[in-house]
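Dropping structure-v8.csv in here (CSV, N, CA and C atoms):
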chain,number,residue,atom,x,y,z
A,1,MET,N,60.3,-71.8,-78.1
A,1,MET,CA,61.3,-71.9,-77.1
A,1,MET,C,62.5,-71.1,-77.5
A,2,SER,N,63.1,-70.2,-76.6
A,2,SER,CA,64.2,-69.4,-76.9
A,2,SER,C,65.5,-70.1,-76.7
A,3,LEU,N,66.5,-69.7,-77.4
A,3,LEU,CA,67.8,-70.3,-77.2
A,3,LEU,C,68.5,-70.0,-75.9
A,4,VAL,N,68.1,-68.9,-75.3
A,4,VAL,CA,68.7,-68.5,-74.0
A,4,VAL,C,67.7,-68.9,-72.9
A,5,GLN,N,68.1,-69.7,-72.0
A,5,GLN,CA,67.2,-70.1,-70.9
A,5,GLN,C,67.6,-69.3,-69.7
A,6,GLU,N,66.6,-68.7,-69.1
A,6,GLU,CA,66.8,-67.9,-67.9
A,6,GLU,C,66.5,-68.8,-66.7
A,7,LYS,N,67.3,-68.6,-65.7
A,7,LYS,CA,67.1,-69.3,-64.4
A,7,LYS,C,66.2,-68.5,-63.6
A,8,THR,N,65.2,-69.2,-63.0
A,8,THR,CA,64.3,-68.6,-62.0
A,8,THR,C,64.6,-69.0,-60.6
A,9,TYR,N,64.8,-68.1,-59.7
A,9,TYR,CA,65.1,-68.4,-58.3
A,9,TYR,C,63.8,-68.1,-57.5
A,10,TYR,N,63.5,-69.0,-56.6
A,10,TYR,CA,62.3,-68.9,-55.8
A,10,TYR,C,62.7,-68.4,-54.4
A,11,VAL,N,61.8,-67.9,-53.7
A,11,VAL,CA,62.1,-67.4,-52.4
A,11,VAL,C,62.6,-68.5,-51.5
A,12,GLY,N,63.7,-68.3,-50.8
A,12,GLY,CA,64.3,-69.3,-50.0
A,12,GLY,C,65.3,-70.2,-50.7
A,13,GLN,N,65.3,-70.1,-52.0
A,13,GLN,CA,66.3,-71.0,-52.7
A,13,GLN,C,67.6,-70.2,-52.8
A,14,PRO,N,68.7,-70.8,-52.4
A,14,PRO,CA,70.0,-70.1,-52.4
A,14,PRO,C,70.4,-69.9,-53.9
A,15,LYS,N,70.9,-68.6,-54.1
A,15,LYS,CA,71.5,-68.3,-55.4
A,15,LYS,C,72.8,-68.9,-55.5
A,16,PRO,N,73.2,-69.4,-56.7
A,16,PRO,CA,74.5,-70.0,-56.8
A,16,PRO,C,75.6,-68.9,-56.6
A,17,GLU,N,76.8,-69.3,-56.1
A,17,GLU,CA,77.8,-68.4,-55.9
A,17,GLU,C,78.4,-67.9,-57.2
A,18,LYS,N,78.9,-66.7,-57.2
A,18,LYS,CA,79.5,-66.2,-58.5
A,18,LYS,C,80.8,-67.0,-58.7
A,19,PRO,N,81.1,-67.2,-60.0
A,19,PRO,CA,82.3,-68.0,-60.3
A,19,PRO,C,83.5,-67.1,-59.9
A,20,PRO,N,84.6,-67.8,-59.4
A,20,PRO,CA,85.8,-67.0,-59.0
A,20,PRO,C,86.4,-66.3,-60.1
A,21,THR,N,86.9,-65.1,-59.8
A,21,THR,CA,87.6,-64.4,-60.9
A,21,THR,C,88.8,-65.1,-61.4
A,22,LYS,N,89.1,-65.0,-62.6
A,22,LYS,CA,90.3,-65.6,-63.1
A,22,LYS,C,91.5,-64.9,-62.6
A,23,GLU,N,92.4,-65.6,-61.9
A,23,GLU,CA,93.6,-65.0,-61.3
A,23,GLU,C,94.7,-64.6,-62.3
A,24,TRP,N,94.6,-65.1,-63.5
A,24,TRP,CA,95.6,-64.8,-64.5
A,24,TRP,C,95.4,-63.4,-65.1
A,25,VAL,N,94.2,-62.9,-65.0
A,25,VAL,CA,93.8,-61.7,-65.7
A,25,VAL,C,94.7,-60.5,-65.2
A,26,ARG,N,94.7,-60.3,-63.9
A,26,ARG,CA,95.4,-59.2,-63.3
A,26,ARG,C,96.9,-59.2,-63.7
A,27,PRO,N,97.7,-60.3,-63.5
A,27,PRO,CA,99.1,-60.2,-63.9
A,27,PRO,C,99.2,-60.0,-65.4
A,28,ALA,N,98.3,-60.6,-66.2
A,28,ALA,CA,98.5,-60.4,-67.7
A,28,ALA,C,98.2,-58.9,-68.0
A,29,TRP,N,97.2,-58.3,-67.4
A,29,TRP,CA,97.0,-56.8,-67.7
A,29,TRP,C,98.1,-56.0,-67.2
A,30,PHE,N,98.7,-56.4,-66.1
A,30,PHE,CA,99.9,-55.7,-65.6
A,30,PHE,C,101.1,-55.7,-66.6
A,31,LEU,N,101.3,-56.9,-67.1
A,31,LEU,CA,102.4,-57.0,-68.1
A,31,LEU,C,102.1,-56.2,-69.4
A,32,PHE,N,100.9,-56.2,-69.8
A,32,PHE,CA,100.5,-55.4,-70.9
A,32,PHE,C,100.7,-53.9,-70.7
A,33,THR,N,100.4,-53.5,-69.5
A,33,THR,CA,100.6,-52.1,-69.1
A,33,THR,C,102.1,-51.7,-69.1
A,34,ILE,N,102.9,-52.6,-68.5
A,34,ILE,CA,104.3,-52.4,-68.4
A,34,ILE,C,104.9,-52.3,-69.8
A,35,GLY,N,104.5,-53.1,-70.7
A,35,GLY,CA,105.0,-53.1,-72.1
A,35,GLY,C,104.8,-51.8,-72.8
A,36,TRP,N,103.5,-51.3,-72.7
A,36,TRP,CA,103.2,-50.0,-73.3
A,36,TRP,C,104.0,-48.8,-72.6
A,37,TYR,N,104.1,-48.9,-71.2
A,37,TYR,CA,104.8,-47.9,-70.5
A,37,TYR,C,106.2,-47.7,-70.9
A,38,VAL,N,106.9,-48.9,-71.0
A,38,VAL,CA,108.3,-48.8,-71.4
A,38,VAL,C,108.5,-48.4,-72.8
A,39,ALA,N,107.7,-48.9,-73.7
A,39,ALA,CA,107.8,-48.6,-75.1
A,39,ALA,C,107.6,-47.1,-75.3
A,40,LEU,N,106.5,-46.5,-74.7
A,40,LEU,CA,106.3,-45.1,-74.9
A,40,LEU,C,107.3,-44.2,-74.2
A,41,SER,N,107.8,-44.7,-73.0
A,41,SER,CA,108.8,-43.9,-72.2
A,41,SER,C,110.1,-43.7,-73.0
A,42,VAL,N,110.4,-44.7,-73.8
A,42,VAL,CA,111.6,-44.6,-74.6
A,42,VAL,C,111.4,-44.0,-75.9
A,43,THR,N,110.3,-44.3,-76.6
A,43,THR,CA,110.0,-43.8,-77.9
A,43,THR,C,109.8,-42.3,-78.0
A,44,ILE,N,109.0,-41.8,-77.1
A,44,ILE,CA,108.6,-40.4,-77.2
A,44,ILE,C,109.8,-39.4,-77.0
A,45,PRO,N,110.6,-39.6,-76.0
A,45,PRO,CA,111.8,-38.7,-75.9
A,45,PRO,C,112.8,-38.9,-77.0
A,46,THR,N,112.9,-40.1,-77.5
A,46,THR,CA,113.8,-40.3,-78.6
A,46,THR,C,113.3,-39.6,-79.9
A,47,LEU,N,112.0,-39.6,-80.1
A,47,LEU,CA,111.5,-38.9,-81.3
A,47,LEU,C,111.6,-37.4,-81.1
A,48,ILE,N,111.4,-36.9,-79.9
A,48,ILE,CA,111.6,-35.5,-79.7
A,48,ILE,C,113.0,-35.1,-80.0
A,49,GLY,N,114.0,-35.9,-79.5
A,49,GLY,CA,115.4,-35.6,-79.8
A,49,GLY,C,115.7,-35.7,-81.3
A,50,PHE,N,115.1,-36.6,-82.0
A,50,PHE,CA,115.3,-36.7,-83.4
A,50,PHE,C,114.7,-35.5,-84.1
A,51,TRP,N,113.6,-35.0,-83.6
A,51,TRP,CA,113.0,-33.8,-84.2
A,51,TRP,C,113.9,-32.6,-84.0
A,52,LEU,N,114.5,-32.5,-82.8
A,52,LEU,CA,115.4,-31.4,-82.5
A,52,LEU,C,116.7,-31.5,-83.3
A,53,ASP,N,117.1,-32.6,-83.7
A,53,ASP,CA,118.3,-32.8,-84.4
A,53,ASP,C,118.2,-32.5,-85.9
A,54,ARG,N,117.0,-32.2,-86.4
A,54,ARG,CA,116.8,-31.9,-87.8
A,54,ARG,C,117.6,-30.7,-88.2
A,55,PRO,N,118.0,-30.6,-89.5
A,55,PRO,CA,118.8,-29.5,-90.0
A,55,PRO,C,118.0,-28.1,-89.8
A,56,GLN,N,116.7,-28.2,-89.8
A,56,GLN,CA,115.9,-26.9,-89.7
A,56,GLN,C,115.9,-26.5,-88.2
A,57,MET,N,116.2,-27.3,-87.3
A,57,MET,CA,116.2,-26.9,-85.8
A,57,MET,C,117.7,-26.6,-85.4
A,58,PHE,N,118.3,-27.6,-84.8
A,58,PHE,CA,119.7,-27.3,-84.3
A,58,PHE,C,120.8,-28.0,-85.1
A,59,ASP,N,120.4,-28.9,-85.9
A,59,ASP,CA,121.4,-29.6,-86.8
A,59,ASP,C,122.6,-30.2,-85.9
A,60,THR,N,122.2,-30.9,-84.9
A,60,THR,CA,123.2,-31.5,-84.0
A,60,THR,C,123.1,-33.0,-84.0
A,61,ARG,N,122.8,-33.6,-85.1
A,61,ARG,CA,122.6,-35.0,-85.2
A,61,ARG,C,123.8,-35.8,-84.7
A,62,PRO,N,123.7,-36.8,-83.9
A,62,PRO,CA,122.7,-37.4,-83.2
A,62,PRO,C,122.6,-37.1,-81.7
A,63,LEU,N,123.1,-35.9,-81.4
A,63,LEU,CA,123.2,-35.5,-80.0
A,63,LEU,C,121.8,-35.6,-79.2
A,64,PHE,N,120.8,-34.9,-79.7
A,64,PHE,CA,119.5,-34.8,-79.0
A,64,PHE,C,118.8,-36.2,-79.0
A,65,THR,N,119.0,-36.9,-80.1
A,65,THR,CA,118.4,-38.2,-80.2
A,65,THR,C,118.9,-39.1,-79.1
A,66,LEU,N,120.3,-39.1,-78.9
A,66,LEU,CA,120.9,-39.9,-77.9
A,66,LEU,C,120.5,-39.5,-76.5
A,67,ILE,N,120.4,-38.2,-76.3
A,67,ILE,CA,120.0,-37.6,-75.0
A,67,ILE,C,118.5,-38.0,-74.7
A,68,GLY,N,117.7,-37.9,-75.7
A,68,GLY,CA,116.3,-38.4,-75.6
A,68,GLY,C,116.2,-39.8,-75.2
A,69,PHE,N,117.0,-40.6,-75.9
A,69,PHE,CA,116.9,-42.1,-75.7
A,69,PHE,C,117.4,-42.4,-74.3
A,70,GLY,N,118.5,-41.7,-73.8
A,70,GLY,CA,119.0,-41.9,-72.5
A,70,GLY,C,118.0,-41.5,-71.4
A,71,LEU,N,117.4,-40.3,-71.6
A,71,LEU,CA,116.4,-39.9,-70.6
A,71,LEU,C,115.2,-40.8,-70.6
A,72,GLY,N,114.7,-41.2,-71.8
A,72,GLY,CA,113.6,-42.2,-71.9
A,72,GLY,C,113.9,-43.5,-71.2
A,73,THR,N,115.1,-44.0,-71.3
A,73,THR,CA,115.5,-45.2,-70.7
A,73,THR,C,115.5,-45.1,-69.2
A,74,ILE,N,116.0,-44.0,-68.7
A,74,ILE,CA,116.0,-43.7,-67.2
A,74,ILE,C,114.6,-43.7,-66.7
A,75,VAL,N,113.8,-42.9,-67.4
A,75,VAL,CA,112.3,-42.8,-66.9
A,75,VAL,C,111.7,-44.2,-67.0
A,76,ALA,N,111.9,-45.0,-68.0
A,76,ALA,CA,111.3,-46.3,-68.2
A,76,ALA,C,111.7,-47.2,-67.0
A,77,PHE,N,113.0,-47.2,-66.7
A,77,PHE,CA,113.5,-48.1,-65.6
A,77,PHE,C,113.0,-47.7,-64.3
A,78,PHE,N,113.0,-46.4,-64.0
A,78,PHE,CA,112.4,-45.8,-62.7
A,78,PHE,C,111.0,-46.2,-62.6
A,79,GLY,N,110.2,-45.9,-63.6
A,79,GLY,CA,108.8,-46.2,-63.6
A,79,GLY,C,108.5,-47.7,-63.5
A,80,LEU,N,109.3,-48.5,-64.2
A,80,LEU,CA,109.2,-50.0,-64.1
A,80,LEU,C,109.4,-50.5,-62.7
A,81,TYR,N,110.4,-49.9,-62.0
A,81,TYR,CA,110.7,-50.3,-60.7
A,81,TYR,C,109.6,-49.9,-59.7
A,82,ARG,N,109.0,-48.7,-59.9
A,82,ARG,CA,107.9,-48.3,-59.0
A,82,ARG,C,106.7,-49.2,-59.3
A,83,MET,N,106.4,-49.5,-60.5
A,83,MET,CA,105.2,-50.3,-60.9
A,83,MET,C,105.4,-51.8,-60.3
A,84,LEU,N,106.6,-52.3,-60.5
A,84,LEU,CA,106.8,-53.7,-60.0
A,84,LEU,C,106.7,-53.7,-58.4
A,85,ARG,N,107.2,-52.7,-57.8
A,85,ARG,CA,107.2,-52.7,-56.3
A,85,ARG,C,105.7,-52.6,-55.8
A,86,GLN,N,104.9,-51.7,-56.5
A,86,GLN,CA,103.5,-51.6,-56.1
A,86,GLN,C,102.8,-52.9,-56.4
A,87,PHE,N,103.0,-53.6,-57.5
A,87,PHE,CA,102.4,-54.8,-57.8
A,87,PHE,C,102.7,-55.9,-56.7
A,88,GLN,N,104.0,-55.9,-56.3
A,88,GLN,CA,104.4,-56.9,-55.3
A,88,GLN,C,103.7,-56.6,-54.0
A,89,ILE,N,103.6,-55.4,-53.6
A,89,ILE,CA,102.9,-55.1,-52.4
A,89,ILE,C,101.4,-55.5,-52.4
A,90,GLU,N,100.8,-55.2,-53.6
A,90,GLU,CA,99.4,-55.6,-53.7
A,90,GLU,C,99.2,-57.2,-53.7
A,91,GLN,N,100.2,-57.9,-54.3
A,91,GLN,CA,100.1,-59.3,-54.3
A,91,GLN,C,100.3,-59.9,-52.9
A,92,LYS,N,101.1,-59.3,-52.1
A,92,LYS,CA,101.3,-59.8,-50.8
A,92,LYS,C,100.1,-59.6,-49.9
A,93,GLU,N,99.4,-58.4,-50.1
A,93,GLU,CA,98.1,-58.1,-49.4
A,93,GLU,C,97.1,-59.1,-49.9
A,94,ARG,N,97.0,-59.5,-51.1
A,94,ARG,CA,96.0,-60.4,-51.6
A,94,ARG,C,96.3,-61.8,-51.0
A,95,ASP,N,97.6,-62.2,-50.9
A,95,ASP,CA,97.9,-63.5,-50.4
A,95,ASP,C,97.5,-63.5,-48.9
A,96,LYS,N,97.7,-62.4,-48.2
A,96,LYS,CA,97.4,-62.4,-46.7
A,96,LYS,C,95.9,-62.6,-46.6
A,97,LYS,N,95.1,-61.9,-47.5
A,97,LYS,CA,93.6,-62.0,-47.4
A,97,LYS,C,93.2,-63.5,-47.7
A,98,LYS,N,93.8,-64.1,-48.6
A,98,LYS,CA,93.5,-65.5,-49.0
A,98,LYS,C,93.8,-66.4,-47.8
A,99,ASP,N,95.0,-66.2,-47.2
A,99,ASP,CA,95.4,-67.1,-46.1
A,99,ASP,C,94.5,-66.9,-44.9
A,100,SER,N,94.0,-65.7,-44.7
A,100,SER,CA,93.1,-65.4,-43.5
A,100,SER,C,91.7,-66.0,-43.7
A,101,GLU,N,91.3,-66.2,-44.9
A,101,GLU,CA,89.9,-66.7,-45.2
A,101,GLU,C,89.8,-68.1,-45.0

If you convert what's in this file into structure tokens, what do you get?
Amino acid sequence: MSLVQEKTYYVGQPKPEKPPTKEWVRPAWFLFTIGWYVALSVTIPTLIGFWLDRPQMFDTRPLFTLIGFGLGTIVAFFGLYRMLRQFQIEQKERDKKKDSE
């Protein structure tokens, strides 16, 4: 006897319904995505600014680092706003579908 038992369905026997998807997965994945988006949006321009501030490049420490940080922060907030707005629209559509069913 095997440890895994397979279910056999006969003709005319109703198949069991699929278990409902876990509703917490989508918001959790969304928060994970937002975290990475904000972190990379701020970190990458800041590091590019730091690289440009080196003595071998322009030697303008900390000018380009601060400019990169500022641009990264603006990009992060703008992207965050767009992502949250899209998520809210999708959630409203899902709620409408649930209410109509």

**Request:** Determine, counting all atoms listed in the file, which protein, DNA and RNA residues have an atom within 6.5 Å of an atom of A:Phe69; residues of the same chain fewer than 5 positions away are not included. Present the result as an MDAnalysis selection string.
**Result:** chainID A and resid 42 45:46 64 74

**Message:** Rounded to one decimal, what separation in Å do you get between atom CA of A:Leu52 and atom CA of A:Leu66?
**Reply:**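 Result for atom CA of A:Leu52 versus atom CA of A:Leu66: 11.1 Å, one decimal.
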
**Request:** Compare A:Ser41, A:Gln56, A:Gln86, A:Gln91 by their minimum atom-to-atom distance to A:Gly68, counting all atoms listed in the file, and give me the closest one.
**Result:**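 Of all the options, A:Ser41 lies closest to A:Gly68.
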
**Item:** Straight-line distance linking atom CA of A:Ile67 with atom N of A:Leu84, stated in Å to one decimal
**Value:**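 For atom CA of A:Ile67 relative to atom N of A:Leu84, the distance reads 24.6 Å.
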